[in-house]
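Shown next, in structure tokens, is the structure this report addresses.
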Amino acid sequence: TLMVSIPAKWAKQHSLDKGSEVEVEENNNILRISSKDISNKEITIALTEENKKDIKNLLTHSYRKGFEKIKFKNSTKETARQIHQIVDKMLLGFEITHRSENECIVENISEPSNKKYPDLLKRIFFLIKETHKSVFEDIKKGAYENEMEVQGMRDQSDKLILFCRRVLFKESEENMLLNWELLTFLMHIHHRYYYLYKYAKAKKFKAENEIINLSGHLEKYFNLLEDAIINNNIASVHKINTLKEEYQFGKIPQMLEKSSGKKNVM
């Protein structure tokens, strides 16, 4: 047996003292050390006049950091209602398990296995592609009938992305930062589709064929990204780099130069 030093800051953060046990997992030339009490991690948050406006951030940050139980002190009927809505909408596998006059507890009761991460990432790509189709079908017709569907797919995608970030934080994977950045970009892409739909509906916009044709090309462009990430296909990466010049420095700027008013947003 050999000795290895653990950073004091990390040990303190995970409440490790002399004699505490840790998990050591071997993966080829990598040793992963984790605190054993992660399944029992909980946090208590005292709500105040200042921070009760940030309940959504308090919940989602605690969730991403891997806490299994989140206790809210000084909770009221109104804040409990907000907590319920956020949990139901955004926290996969979590539910309110206790509520009293001044306390509300949210716990992990049916969270998917961390091994589901690849499947959930595929699901996120699928939801974005389905949103693309719904958005541009309505923009092509100039009739906006699918706002609830578009919003629902965005909300579901956000929920899955939050869970995937939680997995990355808990597992401390070697490529955590790259994967975190990918999830951030996917969230931004999906949100932009949603806000594009909202704008087009408000302006009663009906797209010309040039925009619809470009949307078809961009759909294929996004499919290449999916293939590169999900299937680890380096050929798709090279194709993306080639098309980047054609779209981002070619067709799209040229279309912007020719367009005006509502068309610029498209």
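We label chains A, B, ... in the order they appear in the structure tokens, count residues from 1 in each chain, and number ligands from 1 in the order shown.
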Pull the alpha helix (DSSP H) assignments for segment 18-253 of chain A out of DSSP run on the backbone, and list those residues as a ChimeraX atom specification.
/A:55-64,77-90,117-141,147-171,176-203,209-230,234-246,252-253
Which residues come within 8 Å of Ser236 of chain A, counting only C-alpha atoms, excluding same-chain residues fewer than 3 positions away, as a PyMOL selection string?
chain A and resi 224-225+227-228+233+239-240
Determine which residues of segment 56-252 of chain A receive a DSSP assignment of strand (DSSP E), computed from the backbone, and state them as an MDAnalysis selection string.
chainID A and resid 69:73 94:99 103:108
Compile a residue-level contact table for segment 168-243 of chain A against segment 136-159 of chain A at a cut-off of 10 Å, reporting for every qualifying residue the shortest atom pair and its distance in Å to one decimal, with only C-alpha atoms counted, rows ordered by chain and ascending number, as a tab-separated table.
residue	atom	partner	partner_atom	distance
A:Leu183	CA	A:Asp158	CA	9.6
A:Thr184	CA	A:Asp158	CA	10.0
A:Leu186	CA	A:Ser157	CA	8.9
A:Met187	CA	A:Asp158	CA	6.7
A:His188	CA	A:Asp158	CA	9.9
A:Ile189	CA	A:Arg154	CA	9.9
A:His190	CA	A:Arg154	CA	6.2
A:His191	CA	A:Arg154	CA	6.7
A:Arg192	CA	A:Arg154	CA	9.8
A:Tyr193	CA	A:Val150	CA	8.5
A:Tyr194	CA	A:Val150	CA	6.5
A:Tyr195	CA	A:Gln151	CA	9.5
A:Leu196	CA	A:Ile139	CA	9.7
A:Tyr197	CA	A:Glu147	CA	7.5
A:Lys198	CA	A:Glu147	CA	7.7
A:Ala200	CA	A:Ile139	CA	7.0
A:Lys201	CA	A:Tyr144	CA	6.0
A:Ala202	CA	A:Tyr144	CA	9.4
A:Lys203	CA	A:Gly142	CA	9.7
A:Lys204	CA	A:Gly142	CA	6.3
A:Phe205	CA	A:Gly142	CA	5.7
A:Lys206	CA	A:Gly142	CA	4.2
A:Ala207	CA	A:Lys140	CA	5.2
A:Glu208	CA	A:Lys140	CA	7.4
A:Asn209	CA	A:Lys140	CA	8.1
A:Ile211	CA	A:Lys140	CA	8.9
A:Ile212	CA	A:Lys140	CA	6.8
A:Ser215	CA	A:Phe136	CA	7.4
A:Gly216	CA	A:Phe136	CA	9.2
Within 7 Å of Ala46 of chain A, counting only C-alpha atoms, which residues show up once you throw out same-chain ones fewer than 4 positions away? Write them as a short mmCIF file (atom, residue, chain, number, x, y, z; two decimals) with N, CA and C atoms, in the first residue's frame, please.
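Result written to around.cif:
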data_model
loop_
_atom_site.label_atom_id
_atom_site.label_comp_id
_atom_site.auth_asym_id
_atom_site.auth_seq_id
_atom_site.Cartn_x
_atom_site.Cartn_y
_atom_site.Cartn_z
N PHE A 72 -35.34 23.81 2.78
CA PHE A 72 -35.58 25.25 2.81
C PHE A 72 -36.22 25.62 4.14
N LYS A 73 -35.53 26.46 4.89
CA LYS A 73 -36.07 26.99 6.14
C LYS A 73 -36.79 28.31 5.86
N ASN A 74 -37.71 28.67 6.74
CA ASN A 74 -38.49 29.91 6.61
C ASN A 74 -39.35 29.91 5.35
#
Selection: 12 Å around segment 99-105 of chain A, only C-alpha atoms, excl. self and same-chain fewer than 6 positions, as a list in words
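My list of contacting residues is Glu42, Ile43, Thr44, Ile45, Ala46, Leu47, Thr48, Leu59, Glu68, Lys69, Ile70, Lys71, Phe72, Lys73, Asn74, Ser75, Thr76, Lys77, Glu78, Thr79, Ala80, Arg81, Gln82, Ile83, His84 and Val87 of chain A.
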When you look at segment 114-124 of chain A with a cut-off of 8 Å (counting only C-alpha atoms), what residues show up, excluding the ones that are within fewer than 6 positions of it in the same chain? I need them as an mmCIF file with N, CA and C atoms, in the first residue's frame.
data_model
loop_
_atom_site.group_PDB
_atom_site.id
_atom_site.type_symbol
_atom_site.label_atom_id
_atom_site.label_comp_id
_atom_site.auth_asym_id
_atom_site.auth_seq_id
_atom_site.Cartn_x
_atom_site.Cartn_y
_atom_site.Cartn_z
ATOM 1 N N SER A 157 -35.766 19.598 -22.396
ATOM 2 C CA SER A 157 -34.338 19.637 -22.683
ATOM 3 C C SER A 157 -33.561 20.267 -21.530
ATOM 4 N N LEU A 160 -33.178 17.773 -18.716
ATOM 5 C CA LEU A 160 -32.168 16.749 -18.993
ATOM 6 C C LEU A 160 -30.752 17.319 -18.906
ATOM 7 N N ILE A 161 -30.577 18.555 -19.381
ATOM 8 C CA ILE A 161 -29.255 19.187 -19.327
ATOM 9 C C ILE A 161 -28.837 19.424 -17.882
ATOM 10 N N CYS A 164 -27.662 16.114 -16.591
ATOM 11 C CA CYS A 164 -26.349 15.757 -17.146
ATOM 12 C C CYS A 164 -25.232 16.564 -16.480
ATOM 13 N N VAL A 167 -24.546 14.990 -13.177
ATOM 14 C CA VAL A 167 -23.717 13.795 -13.338
ATOM 15 C C VAL A 167 -22.252 14.178 -13.480
ATOM 16 N N LEU A 186 -25.710 23.539 -26.172
ATOM 17 C CA LEU A 186 -26.975 22.904 -26.560
ATOM 18 C C LEU A 186 -28.162 23.632 -25.931
ATOM 19 N N ILE A 230 -22.038 12.047 -30.582
ATOM 20 C CA ILE A 230 -22.622 10.774 -30.156
ATOM 21 C C ILE A 230 -21.816 9.584 -30.665
#
With distances taken over only C-alpha atoms, which of A:Met176, A:Leu256, A:Leu168, A:Ile6 is nearest to Lys65 of chain A?
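Once distances to Lys65 of chain A are computed over only C-alpha atoms, the minimum belongs to A:Leu168.
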Just give me the gap between atom CA of Val237 of chain A and atom CA of Ile252 of chain A in Å, one decimal is fine.
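These atoms are spaced 20.2 Å apart.
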Gap from atom CA of Glu171 of chain A to atom CA of Ser34 of chain A - Å, one decimal:
8.3 Å
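Checking A:Leu162, A:Ile55, A:Leu178, A:Leu218 one by one against His132 of chain A, counting only C-alpha atoms, you find the shortest gap at A:Leu218.
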So the first atom is atom CA of Pro112 of chain A and the second is atom CA of Ser20 of chain A; what is the distance between them in Å, to one decimal place?
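Answer for the atom CA of Pro112 of chain A to atom CA of Ser20 of chain A separation: 28.1 Å.
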